[in-house]
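Asks: Contents are CSV, C-alpha atoms; file name protein_4.csv:
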```csv
chain,number,residue,atom,x,y,z
M,124,MET,CA,-197.7,194.4,5.0
M,125,LYS,CA,-201.1,194.1,6.8
M,126,ASN,CA,-201.9,190.9,4.8
M,127,LEU,CA,-198.5,189.5,5.6
M,128,LEU,CA,-199.0,190.0,9.3
M,129,LEU,CA,-202.5,188.5,9.1
M,130,ALA,CA,-201.2,185.5,7.2
M,131,SER,CA,-198.4,185.0,9.8
M,132,PHE,CA,-200.9,185.3,12.7
M,133,MET,CA,-203.2,182.7,11.0
M,134,MET,CA,-200.3,180.3,10.5
M,135,MET,CA,-199.1,180.6,14.1
M,136,THR,CA,-202.7,180.0,15.3
M,137,CYS,CA,-203.1,176.9,13.1
M,138,SER,CA,-199.8,175.5,14.3
M,139,ILE,CA,-200.8,175.9,17.9
M,140,TRP,CA,-204.0,174.0,17.3
M,141,ALA,CA,-202.5,171.3,15.1
M,142,GLN,CA,-201.7,168.2,17.0
M,143,SER,CA,-198.5,166.2,16.4
M,144,ALA,CA,-198.2,162.4,16.4
M,145,THR,CA,-196.4,162.7,19.7
M,146,GLY,CA,-199.2,164.9,21.1
M,147,TYR,CA,-201.8,162.3,20.2
M,148,PHE,CA,-199.6,159.6,21.7
M,149,ASP,CA,-199.3,161.5,24.9
M,150,LYS,CA,-203.1,162.0,25.0
M,151,ALA,CA,-203.6,158.3,24.4
M,152,MET,CA,-201.2,157.4,27.2
M,153,LYS,CA,-203.2,159.6,29.6
M,154,LYS,CA,-206.5,158.0,28.5
M,155,ALA,CA,-205.1,154.5,28.9
M,156,GLU,CA,-203.9,155.3,32.4
M,157,ALA,CA,-207.3,156.6,33.2
M,158,GLY,CA,-209.0,153.5,31.9
M,159,ASN,CA,-210.4,155.0,28.7
M,160,THR,CA,-209.1,152.2,26.5
M,161,LYS,CA,-211.3,153.0,23.5
M,162,GLY,CA,-210.3,156.7,23.6
M,163,ALA,CA,-206.7,155.6,23.9
M,164,ILE,CA,-207.0,153.4,20.8
M,165,ALA,CA,-208.5,156.3,18.9
M,166,ASP,CA,-205.6,158.6,19.8
M,167,TYR,CA,-203.0,155.9,19.1
M,168,THR,CA,-204.6,155.5,15.7
M,169,LYS,CA,-204.4,159.3,15.0
M,170,ALA,CA,-200.7,159.2,16.0
M,171,ILE,CA,-200.1,156.3,13.6
M,172,SER,CA,-201.9,158.1,10.8
M,173,MET,CA,-199.5,161.0,11.3
M,174,ASN,CA,-196.4,158.8,11.6
M,175,SER,CA,-196.7,155.3,10.1
M,176,LYS,CA,-193.5,154.2,11.7
M,177,PHE,CA,-194.5,155.1,15.3
M,178,VAL,CA,-193.4,151.8,17.0
M,179,GLU,CA,-194.6,152.7,20.5
M,180,ALA,CA,-198.0,153.7,19.2
M,181,TYR,CA,-198.5,150.4,17.5
M,182,GLN,CA,-197.3,148.5,20.5
M,183,ASN,CA,-199.5,150.4,23.0
M,184,ARG,CA,-202.5,150.2,20.7
M,185,GLY,CA,-201.9,146.4,20.6
M,186,VAL,CA,-201.9,146.3,24.4
M,187,ALA,CA,-205.2,148.3,24.4
M,188,LYS,CA,-206.8,146.1,21.8
M,189,TYR,CA,-205.8,143.0,23.8
M,190,LYS,CA,-207.5,144.5,26.9
M,191,LEU,CA,-210.7,144.9,24.8
M,192,ASN,CA,-210.3,141.3,23.5
M,193,ASP,CA,-209.7,142.5,20.0
M,194,LEU,CA,-207.2,139.7,19.5
M,195,LYS,CA,-206.9,140.0,15.7
M,196,GLY,CA,-206.4,143.7,16.0
M,197,ALA,CA,-203.8,143.2,18.8
M,198,GLU,CA,-202.0,140.6,16.8
M,199,ALA,CA,-201.8,142.9,13.8
M,200,ASP,CA,-200.4,145.8,15.9
M,201,PHE,CA,-197.8,143.6,17.7
M,202,SER,CA,-196.8,142.1,14.3
M,203,LYS,CA,-196.4,145.7,12.9
M,204,THR,CA,-194.3,146.6,15.9
M,205,ILE,CA,-192.1,143.6,15.3
M,206,GLU,CA,-191.8,144.5,11.6
M,207,LEU,CA,-190.6,148.0,12.5
M,208,ASP,CA,-188.4,146.9,15.4
M,209,ASN,CA,-187.5,143.2,15.5
M,210,MET,CA,-185.5,143.8,18.7
M,211,ASN,CA,-188.6,144.6,20.7
M,212,ALA,CA,-188.9,141.8,23.2
M,213,ASP,CA,-192.2,143.2,24.7
M,214,ALA,CA,-193.9,143.1,21.3
M,215,PHE,CA,-193.0,139.4,21.0
M,216,THR,CA,-194.3,138.7,24.5
M,217,GLY,CA,-197.5,140.7,23.7
M,218,ARG,CA,-198.1,138.8,20.5
M,219,ALA,CA,-197.4,135.5,22.3
M,220,ASN,CA,-200.2,136.4,24.8
M,221,VAL,CA,-202.5,136.9,21.8
M,222,TYR,CA,-201.5,133.5,20.3
M,223,TYR,CA,-201.9,131.8,23.7
M,224,LYS,CA,-205.4,133.2,24.0
M,225,LEU,CA,-206.2,132.1,20.4
M,226,LYS,CA,-204.9,128.6,21.4
M,227,ASN,CA,-202.1,128.8,18.9
M,228,TYR,CA,-199.6,127.4,21.4
M,229,LYS,CA,-196.8,126.7,18.9
M,230,SER,CA,-196.7,130.3,17.8
M,231,ALA,CA,-196.9,131.5,21.5
M,232,ILE,CA,-193.9,129.3,22.3
M,233,ASP,CA,-192.0,130.6,19.2
M,234,ASP,CA,-192.7,134.3,20.2
M,235,CYS,CA,-191.8,133.7,23.8
M,236,THR,CA,-188.5,132.1,22.7
M,237,SER,CA,-187.8,135.1,20.5
M,238,SER,CA,-188.6,137.5,23.4
M,239,LEU,CA,-186.3,135.5,25.7
M,240,GLY,CA,-183.5,135.7,23.1
M,241,LEU,CA,-183.8,139.5,23.4
M,242,ASN,CA,-184.5,139.7,27.1
M,243,PRO,CA,-183.5,136.5,29.0
M,244,LYS,CA,-184.8,138.0,32.3
M,245,ASP,CA,-188.4,138.2,31.2
M,246,TYR,CA,-190.2,136.0,33.7
M,247,ILE,CA,-193.5,136.8,32.0
M,248,ALA,CA,-192.3,135.2,28.8
M,249,TYR,CA,-191.0,132.1,30.7
M,250,ASN,CA,-194.2,131.7,32.6
M,251,LEU,CA,-196.3,132.1,29.4
M,252,ARG,CA,-194.1,129.7,27.4
M,253,GLY,CA,-194.5,127.3,30.3
M,254,LEU,CA,-198.3,127.5,30.0
M,255,ALA,CA,-198.1,127.0,26.2
M,256,TYR,CA,-195.8,124.0,26.6
M,257,ASN,CA,-198.2,122.6,29.2
M,258,GLU,CA,-201.1,123.0,26.7
M,259,ASN,CA,-199.0,121.2,24.1
M,260,GLY,CA,-198.4,118.3,26.5
M,261,ASP,CA,-194.7,119.1,27.1
M,262,LYS,CA,-194.7,118.9,30.9
M,263,ARG,CA,-190.9,118.7,31.2
M,264,ASN,CA,-190.3,122.0,29.4
M,265,ALA,CA,-193.3,123.6,31.0
M,266,CYS,CA,-191.9,122.8,34.5
M,267,LYS,CA,-188.4,124.0,33.5
M,268,ASP,CA,-189.9,127.4,32.4
M,269,PHE,CA,-192.0,127.7,35.5
M,270,THR,CA,-188.9,127.1,37.6
M,271,LYS,CA,-186.9,129.7,35.7
M,272,ALA,CA,-189.8,132.2,36.0
M,273,ILE,CA,-189.9,131.7,39.7
M,274,GLU,CA,-186.1,132.3,39.9
M,275,LEU,CA,-186.7,135.6,38.2
M,276,GLY,CA,-189.5,136.6,40.5
M,277,SER,CA,-192.8,135.5,39.0
M,278,GLN,CA,-195.6,134.9,41.5
M,279,SER,CA,-197.9,133.4,38.9
M,280,ALA,CA,-195.3,130.7,38.0
M,281,ILE,CA,-195.3,129.5,41.6
M,282,LYS,CA,-199.0,128.7,41.3
M,283,ASN,CA,-198.6,127.2,37.8
M,284,LYS,CA,-195.7,125.0,38.9
M,285,ALA,CA,-197.8,123.8,41.9
M,286,ASN,CA,-200.8,123.0,39.6
M,287,TYR,CA,-199.0,121.5,36.6
M,288,CYS,CA,-195.7,120.0,37.9
M,289,LYS,CA,-196.7,117.3,40.4
```
Represent the structure contained in this file as structure tokens.
Replies:
Amino acid sequence: MKNLLLASFMMMTCSIWAQSATGYFDKAMKKAEAGNTKGAIADYTKAISMNSKFVEAYQNRGVAKYKLNDLKGAEADFSKTIELDNMNADAFTGRANVYYKLKNYKSAIDDCTSSLGLNPKDYIAYNLRGLAYNENGDKRNACKDFTKAIELGSQSAIKNKANYCK
């Protein structure tokens, strides 16, 4: 009986100290909010190692990697997010940002279009797609997207339209 009590106590103590995937995710969110991007990435990675289908952890790690200019890492995380949840408009917009920064404008346009198919009120995707169209020399579609982004409330699109749609 004494050994059974000791074993029960040990198991309860271990379970208290054991961290769950959600626990690591929550810690990562707090670190990200505090500006500790590398620490957040480490905790998102721990969460993912405990739950390989943790969509939000992949997406948030992608955002954190993007902030650190780890574009290939961010692309991989956004792609994994989309693989796990192809209805995630924010993941398409996130990956489009990566593609834009990598000067892969065609892929940026495609991902913005996918994002807008899921969330037609995403002024960020309209503005970004407008920038990508502009880089591809398609001023007409660029200006159309800047106009739509402005209608939806984008301040950046106002500047972009003024600069590129004269």
Asks: Calculated over only C-alpha atoms, which of the candidates M:Ala157, M:Cys288, M:Leu254, M:Ala180 has the smallest distance to Lys229 in chain M?
Replies: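 Closest to Lys229 in chain M of all the choices is M:Leu254.
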Asks: Just want the 12 Å neighbourhood of Asn264 in chain M, counted on only C-alpha atoms, with same-chain residues fewer than 2 positions away dropped. Output as a JSON list (two decimals) with C-alpha atoms, in the frame of the given file.
Replies:
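What ended up in selection26.json:
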```json
[["chain", "number", "residue", "atom", "x", "y", "z"],
["M", 232, "ILE", "CA", -193.90, 129.30, 22.30],
["M", 249, "TYR", "CA", -191.00, 132.10, 30.70],
["M", 250, "ASN", "CA", -194.20, 131.70, 32.60],
["M", 251, "LEU", "CA", -196.30, 132.10, 29.40],
["M", 252, "ARG", "CA", -194.10, 129.70, 27.40],
["M", 253, "GLY", "CA", -194.50, 127.30, 30.30],
["M", 254, "LEU", "CA", -198.30, 127.50, 30.00],
["M", 255, "ALA", "CA", -198.10, 127.00, 26.20],
["M", 256, "TYR", "CA", -195.80, 124.00, 26.60],
["M", 257, "ASN", "CA", -198.20, 122.60, 29.20],
["M", 258, "GLU", "CA", -201.10, 123.00, 26.70],
["M", 259, "ASN", "CA", -199.00, 121.20, 24.10],
["M", 260, "GLY", "CA", -198.40, 118.30, 26.50],
["M", 261, "ASP", "CA", -194.70, 119.10, 27.10],
["M", 262, "LYS", "CA", -194.70, 118.90, 30.90],
["M", 266, "CYS", "CA", -191.90, 122.80, 34.50],
["M", 267, "LYS", "CA", -188.40, 124.00, 33.50],
["M", 268, "ASP", "CA", -189.90, 127.40, 32.40],
["M", 269, "PHE", "CA", -192.00, 127.70, 35.50],
["M", 270, "THR", "CA", -188.90, 127.10, 37.60],
["M", 271, "LYS", "CA", -186.90, 129.70, 35.70],
["M", 284, "LYS", "CA", -195.70, 125.00, 38.90],
["M", 287, "TYR", "CA", -199.00, 121.50, 36.60],
["M", 288, "CYS", "CA", -195.70, 120.00, 37.90]]
```
Asks: Between M:Thr160, M:Asn211, M:Ser277, M:Asn242, which one has atoms that come closest to Asp193 in chain M, using only C-alpha atoms?
Replies: M:Thr160
Asks: Would you list the contacts of Ala155 in chain M as a PDB file with C-alpha atoms, in the frame of the given file, taking every protein, DNA or RNA residue within 12 Å and counting only C-alpha atoms, but skipping same-chain residues closer than 4 positions in sequence?
Replies:
```pdb
ATOM      1  CA  PHE M 148    -199.600 159.600  21.700  1.00  0.00           C
ATOM      2  CA  ASP M 149    -199.300 161.500  24.900  1.00  0.00           C
ATOM      3  CA  LYS M 150    -203.100 162.000  25.000  1.00  0.00           C
ATOM      4  CA  ALA M 151    -203.600 158.300  24.400  1.00  0.00           C
ATOM      5  CA  ASN M 159    -210.400 155.000  28.700  1.00  0.00           C
ATOM      6  CA  THR M 160    -209.100 152.200  26.500  1.00  0.00           C
ATOM      7  CA  LYS M 161    -211.300 153.000  23.500  1.00  0.00           C
ATOM      8  CA  GLY M 162    -210.300 156.700  23.600  1.00  0.00           C
ATOM      9  CA  ALA M 163    -206.700 155.600  23.900  1.00  0.00           C
ATOM     10  CA  ILE M 164    -207.000 153.400  20.800  1.00  0.00           C
ATOM     11  CA  ALA M 165    -208.500 156.300  18.900  1.00  0.00           C
ATOM     12  CA  ASP M 166    -205.600 158.600  19.800  1.00  0.00           C
ATOM     13  CA  TYR M 167    -203.000 155.900  19.100  1.00  0.00           C
ATOM     14  CA  ASN M 183    -199.500 150.400  23.000  1.00  0.00           C
ATOM     15  CA  ARG M 184    -202.500 150.200  20.700  1.00  0.00           C
ATOM     16  CA  VAL M 186    -201.900 146.300  24.400  1.00  0.00           C
ATOM     17  CA  ALA M 187    -205.200 148.300  24.400  1.00  0.00           C
ATOM     18  CA  LYS M 188    -206.800 146.100  21.800  1.00  0.00           C
ATOM     19  CA  LYS M 190    -207.500 144.500  26.900  1.00  0.00           C
ATOM     20  CA  LEU M 191    -210.700 144.900  24.800  1.00  0.00           C
TER      21      LEU M 191
END
```
Asks: Find the distance between CA of Asn174 in chain M and CA of Thr204 in chain M and write it in Å to one decimal.
Replies: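 Computing the Euclidean distance for CA of Asn174 in chain M and CA of Thr204 in chain M yields 13.1 Å.
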Asks: Please list, as JSON, numbers by chain, the residues that have an atom at most 12 Å away from (-194.9, 157.6, 11.3) in the coordinates of this file, counting only C-alpha atoms.
Replies: {"M": [143, 144, 145, 148, 167, 168, 169, 170, 171, 172, 173, 174, 175, 176, 177, 178, 179, 180, 181, 204, 207]}
Asks: Give me, as number ranges by chain, all polymer residues having an atom no more than 12 Å from Leu225 in chain M, counting only C-alpha atoms and skipping those fewer than 5 positions away in the same chain.
Replies: M: 189, 192-195, 197-198, 218-220, 230-231, 255
Asks: Which residue gives the smallest distance to Lys203 in chain M among M:Arg263, M:Gln182, M:Lys224, M:Gly217, with all atoms listed in the file counted?
Replies: M:Gln182
Asks: Measure the distance from CA of Thr216 in chain M to CA of Leu239 in chain M in Å and round it to one decimal.
Replies: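 CA of Thr216 in chain M sits 8.7 Å away from CA of Leu239 in chain M.
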Asks: Return the single residue from M:Ala285, M:Ala199, M:Ile247, M:Ala272 that is closest to Val221 in chain M, with distances computed using only C-alpha atoms.
Replies: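 Answer, going by the shortest atom-to-atom distance: M:Ala199.
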